[in-house]
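Visitor: Next comes the structure file query_13.cif, holding mmCIF, C-alpha atoms and all ligand atoms.
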data_model
#
loop_
_atom_site.group_PDB
_atom_site.id
_atom_site.type_symbol
_atom_site.label_atom_id
_atom_site.label_comp_id
_atom_site.auth_asym_id
_atom_site.auth_seq_id
_atom_site.Cartn_x
_atom_site.Cartn_y
_atom_site.Cartn_z
ATOM 1 C CA MET A 145 6.310 8.579 7.914
ATOM 2 C CA PHE A 146 5.066 11.636 6.018
ATOM 3 C CA PRO A 147 6.853 12.174 2.674
ATOM 4 C CA ASP A 148 8.044 15.591 1.618
ATOM 5 C CA LEU A 149 5.048 16.975 -0.279
ATOM 6 C CA LYS A 150 6.478 20.478 -0.715
ATOM 7 C CA GLY A 151 5.627 21.779 -4.168
ATOM 8 C CA PHE A 152 3.143 18.934 -4.631
ATOM 9 C CA VAL A 153 0.298 20.203 -2.439
ATOM 10 C CA LYS A 154 -0.256 23.882 -1.740
ATOM 11 C CA PRO A 155 -0.497 24.836 1.948
ATOM 12 C CA GLY A 156 -4.149 25.294 2.928
ATOM 13 C CA SER A 157 -5.450 23.630 -0.256
ATOM 14 C CA GLU A 158 -7.996 20.828 -0.491
ATOM 15 C CA GLU A 159 -5.149 18.564 -1.647
ATOM 16 C CA GLU A 160 -3.194 19.307 1.513
ATOM 17 C CA LYS A 161 -6.221 18.479 3.679
ATOM 18 C CA LEU A 162 -6.597 15.173 1.851
ATOM 19 C CA ALA A 163 -2.876 14.378 2.042
ATOM 20 C CA ARG A 164 -2.990 14.929 5.805
ATOM 21 C CA GLN A 165 -5.679 12.253 6.146
ATOM 22 C CA ILE A 166 -3.466 9.622 4.517
ATOM 23 C CA ASP A 167 -1.811 7.009 6.696
ATOM 24 C CA PHE A 168 1.494 6.616 4.870
ATOM 25 C CA SER A 169 2.223 3.322 6.583
ATOM 26 C CA ARG A 170 -0.839 1.760 4.877
ATOM 27 C CA LEU A 171 -0.605 3.031 1.310
ATOM 28 C CA PRO A 172 -1.968 0.835 -1.461
ATOM 29 C CA ARG A 173 1.102 -0.898 -2.882
ATOM 30 C CA HIS A 174 -0.396 -1.201 -6.361
ATOM 31 C CA VAL A 175 -3.000 1.110 -7.926
ATOM 32 C CA ALA A 176 -4.573 0.228 -11.285
ATOM 33 C CA VAL A 177 -6.538 2.706 -13.394
ATOM 34 C CA ILE A 178 -9.132 2.358 -16.153
ATOM 35 C CA MET A 179 -8.722 5.760 -17.802
ATOM 36 C CA ASP A 180 -12.124 6.325 -19.367
ATOM 37 C CA GLY A 181 -13.980 9.306 -20.796
ATOM 38 C CA ASN A 182 -11.439 10.898 -23.158
ATOM 39 C CA GLY A 183 -13.870 10.749 -26.090
ATOM 40 C CA ARG A 184 -16.773 12.270 -24.131
ATOM 41 C CA TRP A 185 -14.498 15.000 -22.802
ATOM 42 C CA ALA A 186 -13.590 15.955 -26.385
ATOM 43 C CA GLU A 187 -17.182 15.678 -27.672
ATOM 44 C CA LYS A 188 -18.418 18.022 -24.937
ATOM 45 C CA ARG A 189 -15.998 20.616 -26.330
ATOM 46 C CA SER A 190 -16.727 19.828 -29.999
ATOM 47 C CA LEU A 191 -13.136 18.695 -30.405
ATOM 48 C CA PRO A 192 -11.831 15.633 -32.263
ATOM 49 C CA ARG A 193 -11.511 12.573 -30.007
ATOM 50 C CA ILE A 194 -7.730 12.672 -30.210
ATOM 51 C CA GLU A 195 -7.800 15.957 -28.259
ATOM 52 C CA GLY A 196 -9.443 14.019 -25.432
ATOM 53 C CA HIS A 197 -6.601 11.513 -25.516
ATOM 54 C CA ARG A 198 -4.059 14.344 -25.607
ATOM 55 C CA ALA A 199 -5.649 15.900 -22.518
ATOM 56 C CA GLY A 200 -5.715 12.378 -21.033
ATOM 57 C CA ALA A 201 -1.929 12.169 -21.420
ATOM 58 C CA LYS A 202 -1.652 15.223 -19.117
ATOM 59 C CA ALA A 203 -3.754 13.426 -16.502
ATOM 60 C CA VAL A 204 -1.374 10.470 -16.838
ATOM 61 C CA GLN A 205 1.536 12.745 -15.999
ATOM 62 C CA GLU A 206 -0.300 14.080 -12.958
ATOM 63 C CA VAL A 207 -1.149 10.619 -11.581
ATOM 64 C CA VAL A 208 2.363 9.282 -12.218
ATOM 65 C CA GLU A 209 3.737 12.243 -10.293
ATOM 66 C CA ALA A 210 1.205 11.754 -7.478
ATOM 67 C CA CYS A 211 2.150 8.080 -7.078
ATOM 68 C CA GLY A 212 5.859 8.919 -7.069
ATOM 69 C CA ARG A 213 5.455 11.677 -4.488
ATOM 70 C CA LEU A 214 3.239 9.624 -2.178
ATOM 71 C CA GLY A 215 5.513 6.574 -2.323
ATOM 72 C CA ILE A 216 3.174 4.158 -4.110
ATOM 73 C CA LYS A 217 5.238 1.366 -5.671
ATOM 74 C CA TYR A 218 3.154 0.200 -8.672
ATOM 75 C CA LEU A 219 0.755 2.003 -11.004
ATOM 76 C CA THR A 220 -0.920 0.120 -13.851
ATOM 77 C CA LEU A 221 -2.648 2.135 -16.574
ATOM 78 C CA TYR A 222 -5.092 0.597 -19.038
ATOM 79 C CA ALA A 223 -3.982 2.550 -22.083
ATOM 80 C CA PHE A 224 -5.065 0.342 -25.014
ATOM 81 C CA SER A 225 -7.258 -2.735 -24.843
ATOM 82 C CA LYS A 226 -7.427 -5.512 -27.422
ATOM 83 C CA GLU A 227 -10.942 -4.252 -28.167
ATOM 84 C CA ASN A 228 -9.667 -0.728 -28.933
ATOM 85 C CA TRP A 229 -8.574 -1.884 -32.425
ATOM 86 C CA LYS A 230 -12.272 -1.668 -33.352
ATOM 87 C CA ARG A 231 -12.065 2.150 -33.267
ATOM 88 C CA PRO A 232 -11.630 4.201 -36.456
ATOM 89 C CA LYS A 233 -8.171 3.573 -38.009
ATOM 90 C CA ARG A 234 -7.249 7.236 -37.711
ATOM 91 C CA GLU A 235 -7.984 7.351 -33.969
ATOM 92 C CA VAL A 236 -6.000 4.159 -33.384
ATOM 93 C CA ALA A 237 -2.996 5.446 -35.351
ATOM 94 C CA ARG A 238 -3.042 8.775 -33.522
ATOM 95 C CA LEU A 239 -3.290 7.068 -30.129
ATOM 96 C CA TRP A 240 -0.143 5.037 -30.779
ATOM 97 C CA LYS A 241 1.633 8.146 -32.062
ATOM 98 C CA LEU A 242 0.595 10.039 -28.929
ATOM 99 C CA LEU A 243 2.052 7.307 -26.752
ATOM 100 C CA GLU A 244 5.268 7.299 -28.787
ATOM 101 C CA ASP A 245 5.638 11.082 -28.498
ATOM 102 C CA TYR A 246 4.890 10.921 -24.792
ATOM 103 C CA LEU A 247 7.689 8.405 -24.216
ATOM 104 C CA ARG A 248 10.124 10.403 -26.335
ATOM 105 C CA LYS A 249 9.407 13.532 -24.307
ATOM 106 C CA GLU A 250 9.168 11.966 -20.867
ATOM 107 C CA ASP A 251 12.130 9.582 -20.814
ATOM 108 C CA LYS A 252 14.462 11.969 -18.951
ATOM 109 C CA GLN A 253 11.793 12.779 -16.372
ATOM 110 C CA LEU A 254 11.248 9.071 -15.774
ATOM 111 C CA ILE A 255 14.935 8.500 -15.103
ATOM 112 C CA LYS A 256 15.159 11.622 -12.934
ATOM 113 C CA ASN A 257 12.232 10.416 -10.818
ATOM 114 C CA LYS A 258 13.527 6.797 -10.692
ATOM 115 C CA ILE A 259 10.446 5.507 -12.519
ATOM 116 C CA ARG A 260 10.644 2.113 -14.171
ATOM 117 C CA LEU A 261 8.396 1.449 -17.166
ATOM 118 C CA ILE A 262 7.088 -1.967 -18.073
ATOM 119 C CA VAL A 263 4.469 -3.123 -20.571
ATOM 120 C CA ILE A 264 1.881 -5.888 -20.275
ATOM 121 C CA GLY A 265 -0.264 -7.199 -23.105
ATOM 122 C CA GLN A 266 0.315 -8.793 -26.504
ATOM 123 C CA ILE A 267 3.329 -6.624 -27.173
ATOM 124 C CA GLU A 268 4.261 -8.343 -30.451
ATOM 125 C CA ALA A 269 1.173 -6.860 -32.170
ATOM 126 C CA ILE A 270 1.907 -3.252 -31.175
ATOM 127 C CA PRO A 271 2.833 -1.050 -34.185
ATOM 128 C CA PRO A 272 6.638 -1.321 -34.676
ATOM 129 C CA SER A 273 7.623 2.306 -34.054
ATOM 130 C CA ALA A 274 5.619 2.511 -30.808
ATOM 131 C CA ARG A 275 7.018 -0.857 -29.789
ATOM 132 C CA ARG A 276 10.588 0.259 -30.409
ATOM 133 C CA GLU A 277 10.019 3.333 -28.254
ATOM 134 C CA LEU A 278 8.445 1.245 -25.483
ATOM 135 C CA GLU A 279 11.352 -1.200 -25.546
ATOM 136 C CA ARG A 280 13.865 1.648 -25.520
ATOM 137 C CA VAL A 281 12.295 3.333 -22.485
ATOM 138 C CA ALA A 282 11.718 0.036 -20.668
ATOM 139 C CA ASP A 283 15.385 -0.799 -21.138
ATOM 140 C CA LEU A 284 16.518 2.699 -20.153
ATOM 141 C CA THR A 285 14.540 2.593 -16.893
ATOM 142 C CA LYS A 286 14.988 -1.085 -15.994
ATOM 143 C CA ASP A 287 17.151 -0.375 -12.942
ATOM 144 C CA CYS A 288 15.002 2.450 -11.570
ATOM 145 C CA ASP A 289 13.839 1.546 -8.099
ATOM 146 C CA GLY A 290 11.103 4.114 -7.378
ATOM 147 C CA LEU A 291 7.625 3.780 -8.835
ATOM 148 C CA THR A 292 6.964 1.069 -11.455
ATOM 149 C CA VAL A 293 4.553 2.266 -14.151
ATOM 150 C CA VAL A 294 2.919 -0.628 -15.952
ATOM 151 C CA LEU A 295 1.297 0.212 -19.294
ATOM 152 C CA ALA A 296 -1.387 -2.267 -20.312
ATOM 153 C CA LEU A 297 -1.239 -2.142 -24.114
ATOM 154 C CA ASN A 298 -3.038 -4.377 -26.551
ATOM 155 C CA TYR A 299 -4.184 -5.944 -23.305
ATOM 156 C CA GLY A 300 -7.171 -8.196 -22.590
ATOM 157 C CA GLY A 301 -7.749 -10.028 -19.321
ATOM 158 C CA ARG A 302 -9.241 -13.139 -20.896
ATOM 159 C CA THR A 303 -6.449 -13.297 -23.485
ATOM 160 C CA GLU A 304 -3.902 -13.012 -20.679
ATOM 161 C CA ILE A 305 -5.387 -16.085 -18.982
ATOM 162 C CA VAL A 306 -5.501 -18.035 -22.259
ATOM 163 C CA ASP A 307 -1.890 -17.004 -22.995
ATOM 164 C CA ALA A 308 -0.858 -18.288 -19.553
ATOM 165 C CA VAL A 309 -2.454 -21.680 -20.292
ATOM 166 C CA LYS A 310 -0.703 -21.781 -23.685
ATOM 167 C CA LYS A 311 2.673 -21.022 -22.013
ATOM 168 C CA ILE A 312 2.146 -23.823 -19.497
ATOM 169 C CA CYS A 313 1.286 -26.257 -22.310
ATOM 170 C CA ALA A 314 4.160 -25.126 -24.536
ATOM 171 C CA ALA A 315 6.646 -25.532 -21.693
ATOM 172 C CA GLY A 316 5.440 -29.120 -21.293
ATOM 173 C CA GLU A 317 4.549 -28.248 -17.721
ATOM 174 C CA ILE A 318 1.106 -29.867 -17.727
ATOM 175 C CA GLY A 319 1.257 -32.824 -15.388
ATOM 176 C CA ARG A 320 4.661 -31.837 -13.964
ATOM 177 C CA LEU A 321 3.639 -28.471 -12.591
ATOM 178 C CA GLU A 322 1.871 -28.481 -9.285
ATOM 179 C CA LEU A 323 -0.885 -26.196 -10.497
ATOM 180 C CA ASP A 324 -2.359 -23.866 -7.925
ATOM 181 C CA GLU A 325 -3.211 -20.163 -7.834
ATOM 182 C CA ASP A 326 0.372 -19.099 -7.051
ATOM 183 C CA SER A 327 2.036 -21.237 -9.696
ATOM 184 C CA PHE A 328 -0.588 -20.248 -12.310
ATOM 185 C CA SER A 329 -0.131 -16.548 -11.669
ATOM 186 C CA ARG A 330 3.571 -16.885 -12.486
ATOM 187 C CA TYR A 331 2.507 -17.445 -16.130
ATOM 188 C CA LEU A 332 0.484 -14.237 -16.349
ATOM 189 C CA TYR A 333 1.908 -11.036 -17.883
ATOM 190 C CA THR A 334 1.914 -9.656 -14.328
ATOM 191 C CA ALA A 335 4.078 -12.456 -12.886
ATOM 192 C CA SER A 336 6.486 -9.997 -11.260
ATOM 193 C CA LEU A 337 3.805 -7.681 -9.838
ATOM 194 C CA PRO A 338 1.669 -7.766 -6.700
ATOM 195 C CA ASP A 339 -2.105 -7.768 -7.261
ATOM 196 C CA PRO A 340 -3.652 -4.283 -7.303
ATOM 197 C CA ASP A 341 -4.980 -3.054 -3.954
ATOM 198 C CA LEU A 342 -7.042 -0.281 -5.508
ATOM 199 C CA LEU A 343 -8.671 0.021 -8.934
ATOM 200 C CA ILE A 344 -9.820 3.460 -10.059
ATOM 201 C CA ARG A 345 -12.248 3.861 -12.946
ATOM 202 C CA THR A 346 -13.199 7.260 -14.309
ATOM 203 C CA SER A 347 -16.263 8.444 -16.258
ATOM 204 C CA GLY A 348 -18.775 6.737 -13.967
ATOM 205 C CA GLU A 349 -19.053 3.394 -15.747
ATOM 206 C CA PHE A 350 -19.482 0.378 -13.456
ATOM 207 C CA ARG A 351 -17.557 -2.093 -15.591
ATOM 208 C CA ILE A 352 -14.255 -3.944 -15.486
ATOM 209 C CA SER A 353 -13.875 -4.000 -19.288
ATOM 210 C CA ASN A 354 -11.678 -7.107 -19.424
ATOM 211 C CA PHE A 355 -8.964 -5.538 -17.235
ATOM 212 C CA LEU A 356 -6.774 -7.655 -14.919
ATOM 213 C CA LEU A 357 -9.564 -10.195 -14.428
ATOM 214 C CA TRP A 358 -7.449 -12.625 -12.421
ATOM 215 C CA GLN A 359 -5.550 -10.013 -10.417
ATOM 216 C CA ILE A 360 -8.478 -7.953 -9.087
ATOM 217 C CA ALA A 361 -10.152 -10.785 -7.157
ATOM 218 C CA TYR A 362 -9.835 -8.806 -3.890
ATOM 219 C CA THR A 363 -9.075 -5.324 -5.185
ATOM 220 C CA GLU A 364 -11.008 -2.347 -3.794
ATOM 221 C CA LEU A 365 -12.893 -0.480 -6.540
ATOM 222 C CA TRP A 366 -13.221 3.305 -6.659
ATOM 223 C CA ILE A 367 -15.401 4.750 -9.391
ATOM 224 C CA THR A 368 -15.732 8.450 -10.092
ATOM 225 C CA PRO A 369 -17.920 10.337 -12.602
ATOM 226 C CA VAL A 370 -14.928 12.569 -13.450
ATOM 227 C CA LEU A 371 -13.797 12.108 -17.066
ATOM 228 C CA TRP A 372 -10.175 11.001 -17.337
ATOM 229 C CA PRO A 373 -8.805 14.257 -18.846
ATOM 230 C CA ASP A 374 -10.237 16.121 -15.814
ATOM 231 C CA PHE A 375 -8.710 13.696 -13.306
ATOM 232 C CA ARG A 376 -6.288 15.527 -11.031
ATOM 233 C CA ARG A 377 -4.148 14.819 -7.961
ATOM 234 C CA LYS A 378 -7.117 15.904 -5.805
ATOM 235 C CA HIS A 379 -9.162 12.971 -7.154
ATOM 236 C CA PHE A 380 -6.279 10.579 -6.710
ATOM 237 C CA LEU A 381 -5.864 11.656 -3.090
ATOM 238 C CA GLN A 382 -9.637 11.220 -2.537
ATOM 239 C CA ALA A 383 -9.379 7.663 -3.861
ATOM 240 C CA VAL A 384 -6.495 6.826 -1.506
ATOM 241 C CA VAL A 385 -8.264 8.374 1.506
ATOM 242 C CA ASP A 386 -11.425 6.437 0.683
ATOM 243 C CA TYR A 387 -9.458 3.211 0.165
ATOM 244 C CA GLN A 388 -7.963 3.548 3.637
ATOM 245 C CA LYS A 389 -11.443 3.713 5.172
ATOM 246 C CA ARG A 390 -12.366 0.322 3.743
ATOM 247 C CA GLU A 391 -12.064 -2.856 5.718
ATOM 248 C CA ARG A 392 -10.332 -5.474 3.571
ATOM 249 C CA ARG A 393 -11.425 -8.889 4.785
ATOM 250 C CA PHE A 394 -10.302 -11.084 1.851
ATOM 251 C CA GLY A 395 -13.298 -13.336 2.433
ATOM 252 C CA ALA A 396 -12.666 -13.747 6.162
ATOM 253 C CA VAL A 397 -14.571 -12.030 8.977
ATOM 254 C CA HIS A 398 -13.352 -9.144 11.052
ATOM 255 C CA ALA A 399 -11.662 -10.092 14.354
ATOM 256 C CA ARG A 400 -14.507 -8.285 16.178
ATOM 257 C CA THR A 401 -17.104 -10.588 14.584
ATOM 258 C CA THR A 402 -15.398 -13.885 15.482
ATOM 259 C CA GLN A 403 -16.136 -13.269 19.176
ATOM 260 C CA HIS A 404 -19.886 -13.336 18.431
ATOM 261 C CA ALA A 405 -19.943 -16.273 16.009
HETATM 262 C C1 LIG B 1 -10.619 5.633 -22.947
HETATM 263 O O1 LIG B 1 -11.416 6.767 -23.271
HETATM 264 C C2 LIG B 1 -9.203 5.901 -23.171
HETATM 265 C C3 LIG B 1 -8.399 5.236 -24.033
HETATM 266 C C4 LIG B 1 -8.887 4.141 -24.884
HETATM 267 C C5 LIG B 1 -6.990 5.596 -24.260
HETATM 268 C C6 LIG B 1 -6.199 6.045 -23.075
HETATM 269 C C7 LIG B 1 -5.062 6.867 -23.550
HETATM 270 C C8 LIG B 1 -4.580 7.961 -22.933
HETATM 271 C C9 LIG B 1 -5.023 8.430 -21.616
HETATM 272 C C10 LIG B 1 -3.551 8.822 -23.571
HETATM 273 C C11 LIG B 1 -2.162 8.325 -23.723
HETATM 274 C C12 LIG B 1 -1.666 7.376 -22.712
HETATM 275 C C13 LIG B 1 -0.425 7.420 -22.157
HETATM 276 C C14 LIG B 1 -0.032 6.307 -21.256
HETATM 277 C C15 LIG B 1 0.511 8.520 -22.364
HETATM 278 P P1 LIG B 1 -12.503 6.648 -24.429
HETATM 279 O O2 LIG B 1 -11.891 7.134 -25.685
HETATM 280 O O3 LIG B 1 -13.043 5.255 -24.466
HETATM 281 O O4 LIG B 1 -13.602 7.653 -23.909
HETATM 282 P P2 LIG B 1 -15.180 7.582 -24.168
HETATM 283 O O5 LIG B 1 -15.681 6.351 -23.460
HETATM 284 O O6 LIG B 1 -15.692 8.836 -23.570
HETATM 285 O O7 LIG B 1 -15.382 7.524 -25.665
#
Kindly transcribe the structure held in the file into structure tokens.
Ligand code: FPP
Guide:
Amino acid sequence: MFPDLKGFVKPGSEEEKLARQIDFSRLPRHVAVIMDGNGRWAEKRSLPRIEGHRAGAKAVQEVVEACGRLGIKYLTLYAFSKENWKRPKREVARLWKLLEDYLRKEDKQLIKNKIRLIVIGQIEAIPPSARRELERVADLTKDCDGLTVVLALNYGGRTEIVDAVKKICAAGEIGRLELDEDSFSRYLYTASLPDPDLLIRTSGEFRISNFLLWQIAYTELWITPVLWPDFRRKHFLQAVVDYQKRERRFGAVHARTTQHA
């Protein structure tokens, strides 16, 4: 099944060539992204860092649209880590304001494109006005059945695991719960989500940065030197094409190999 990509990829363009290589019956169900390089993008242009984040918000729009058009079901964006509070106060405040403005402007587009928004992370510590906006848009889009966009905000992978243990203890489940990987993962922030199939990281850093530590056990990684504000649908399509060339063995061996064991 080839989705209608009219208006999304120009005939004869590099994007169209990439889109034609995609096997739409084997799309990654869940793509996660570490959006890195906003600051360097701004520094290269002698602009304040917030301009890098502003340009990064445009790349967010582009990737959300790409996922929706291709038929990918889940997109998780690492937008603010627990460690990001260590940045200058002014940058932190402007980042939250940027997110708030983005949601205020984009809500109608989200509904129109059947996009559901959810948030993972320690939501209670998000500044109140940004939190209100997030809750409003999450509620507004809760019945949308197209793409689910998951914003990881005030998120840390280790904290998520510790929070899951605390929830199990608080519920008095220790001892009663038959604890295994499946039952444990139901206490994570991502309980309702499948694990990511593909993780994209921009800006060429080979790090996980405390992102979805539990969930990425068997995720395919795709790292590009492109800085996040320069990330376009072309790069996203390259990542999907490359992902489909990988052989995912989940620790087993390929059927071919078993014959020669
Ligand atoms: C990392 O780049 C990026 C962030 C900490 C923030 C990501 C935020 C956005 C893309 C904009 C708004 C988001 C949404 C969802 C609308 P960095 O600042 O660490 O870059 P550097 O490593 O080059 O300094």
Visitor: Kindly provide, as a list of chain:residue names, all nucleotide and amino acid residues lying within 6 Å of ligand LIG 1 (chain B), counting all atoms listed in the file.
Guide: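 Checking all atoms listed in the file against ligand LIG 1 (chain B) at 6 Å gives A:Met179, A:Asp180, A:Gly181, A:Asn182, A:Gly183, A:Arg184, A:His197, A:Arg198, A:Gly200, A:Ala201, A:Ala223, A:Phe224, A:Leu243, A:Tyr246.
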Visitor: Could you tell me, as an MDAnalysis selection string, exactly which residues end up selected when the PyMOL selection byres (((chain A and resi 358-365) around 8) and not hetatm) is applied to this structure?
Guide: chainID A and resid 301 305 339:345 356:357 366:367 387 394
Visitor: Could the residues in this selection be saved with C-alpha atoms as an mmCIF file, keeping the file's coordinate frame?
Guide:
data_model
loop_
_atom_site.group_PDB
_atom_site.id
_atom_site.type_symbol
_atom_site.label_atom_id
_atom_site.label_comp_id
_atom_site.auth_asym_id
_atom_site.auth_seq_id
_atom_site.Cartn_x
_atom_site.Cartn_y
_atom_site.Cartn_z
ATOM 1 C CA GLY A 301 -7.749 -10.028 -19.321
ATOM 2 C CA ILE A 305 -5.387 -16.085 -18.982
ATOM 3 C CA ASP A 339 -2.105 -7.768 -7.261
ATOM 4 C CA PRO A 340 -3.652 -4.283 -7.303
ATOM 5 C CA ASP A 341 -4.980 -3.054 -3.954
ATOM 6 C CA LEU A 342 -7.042 -0.281 -5.508
ATOM 7 C CA LEU A 343 -8.671 0.021 -8.934
ATOM 8 C CA ILE A 344 -9.820 3.460 -10.059
ATOM 9 C CA ARG A 345 -12.248 3.861 -12.946
ATOM 10 C CA LEU A 356 -6.774 -7.655 -14.919
ATOM 11 C CA LEU A 357 -9.564 -10.195 -14.428
ATOM 12 C CA TRP A 366 -13.221 3.305 -6.659
ATOM 13 C CA ILE A 367 -15.401 4.750 -9.391
ATOM 14 C CA TYR A 387 -9.458 3.211 0.165
ATOM 15 C CA PHE A 394 -10.302 -11.084 1.851
#
Visitor: Could you state which residues are captured by the PyMOL selection byres (((chain A and resi 384) around 10) and not hetatm) in this file, as number ranges by chain?
Guide: A: 162-163, 165-167, 170-172, 175, 342, 344, 366, 379-383, 385-389
Visitor: Rank A:Gly265, A:Arg376, A:Tyr218, A:Ala199 by their smallest atom-to-atom distance to Glu158 of chain A, using all atoms listed in the file, and report the top residue only.
Guide: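 For Glu158 of chain A, the nearest of the given residues is A:Arg376.
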Visitor: For the provided coordinates, the residues matched by the PyMOL selection byres (((chain A and resi 146-150) around 9) and not hetatm) should be stated as a PyMOL selection string.
Guide: chain A and resi 145+151-155+160+163-164+166-169+213-215
Visitor: Pick out the residues sitting within 10 Å of Arg260 of chain A, and hand them over as a ChimeraX atom specification; count only C-alpha atoms, and ignore anything fewer than 2 positions along from it in its own chain.
Guide: /A:218,254-255,257-258,262,281-294
Visitor: If you measure from atom CA of Ser327 of chain A to atom CA of Thr220 of chain A, what distance in Å do you get, rounded to one decimal?
Guide: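 Going from atom CA of Ser327 of chain A over to atom CA of Thr220 of chain A, I get 22.0 Å.
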Visitor: Can you work out which one of A:Ile352, A:Ala237, A:Val208, A:Leu221 has the shortest atom-to-atom distance to Pro272 of chain A, counting only C-alpha atoms?
Guide: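 Of the candidates, the smallest distance to Pro272 of chain A is held by A:Ala237.
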Visitor: Calculate how many Å separate atom CA of Glu279 of chain A from atom CA of Glu227 of chain A, rounding to one decimal.
Guide: 22.7 Å
Visitor: Calculated over only C-alpha atoms, which of the candidates A:Phe375, A:Val306, A:Lys241, A:Lys249 has the smallest distance to Arg275 of chain A?
Guide: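 Closest residue, counting only C-alpha atoms: A:Lys241.
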Visitor: In Å, with one decimal, what is the gap from atom CA of Lys252 of chain A to atom CA of Arg238 of chain A?
Guide: 23.0 Å
Visitor: So which residues fall inside 10 Å of (1.8, -4.6, -29.4) if we count all atoms listed in the file? Mind giving them as a PyMOL selection string?
Guide: chain A and resi 224+226+240+263-272+274-275+278+296-299
Visitor: Please produce a file of the residues just selected, as a PDB file, keeping the file's coordinate frame, where the atoms kept are C-alpha atoms.
Guide:
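Below is the file out.pdb, written as the result:
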ATOM      1  CA  PHE A 224      -5.065   0.342 -25.014  1.00  0.00           C
ATOM      2  CA  LYS A 226      -7.427  -5.512 -27.422  1.00  0.00           C
ATOM      3  CA  TRP A 240      -0.143   5.037 -30.779  1.00  0.00           C
ATOM      4  CA  VAL A 263       4.469  -3.123 -20.571  1.00  0.00           C
ATOM      5  CA  ILE A 264       1.881  -5.888 -20.275  1.00  0.00           C
ATOM      6  CA  GLY A 265      -0.264  -7.199 -23.105  1.00  0.00           C
ATOM      7  CA  GLN A 266       0.315  -8.793 -26.504  1.00  0.00           C
ATOM      8  CA  ILE A 267       3.329  -6.624 -27.173  1.00  0.00           C
ATOM      9  CA  GLU A 268       4.261  -8.343 -30.451  1.00  0.00           C
ATOM     10  CA  ALA A 269       1.173  -6.860 -32.170  1.00  0.00           C
ATOM     11  CA  ILE A 270       1.907  -3.252 -31.175  1.00  0.00           C
ATOM     12  CA  PRO A 271       2.833  -1.050 -34.185  1.00  0.00           C
ATOM     13  CA  PRO A 272       6.638  -1.321 -34.676  1.00  0.00           C
ATOM     14  CA  ALA A 274       5.619   2.511 -30.808  1.00  0.00           C
ATOM     15  CA  ARG A 275       7.018  -0.857 -29.789  1.00  0.00           C
ATOM     16  CA  LEU A 278       8.445   1.245 -25.483  1.00  0.00           C
ATOM     17  CA  ALA A 296      -1.387  -2.267 -20.312  1.00  0.00           C
ATOM     18  CA  LEU A 297      -1.239  -2.142 -24.114  1.00  0.00           C
ATOM     19  CA  ASN A 298      -3.038  -4.377 -26.551  1.00  0.00           C
ATOM     20  CA  TYR A 299      -4.184  -5.944 -23.305  1.00  0.00           C
TER      21      TYR A 299
END
Visitor: Return the single residue from A:Val370, A:Leu247, A:Leu191, A:Ala186 that is closest to Gln205 of chain A, with distances computed using all atoms listed in the file.
Guide: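 Of A:Val370, A:Leu247, A:Leu191, A:Ala186, the one nearest Gln205 of chain A, counting all atoms listed in the file, is A:Leu247.
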Visitor: Nearest to Cys211 of chain A among A:Leu239, A:Ile259, A:Leu332, A:Ala396, with distances taken over all atoms listed in the file: which residue is it?
Guide: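 For Cys211 of chain A, the nearest of the candidates is A:Ile259.
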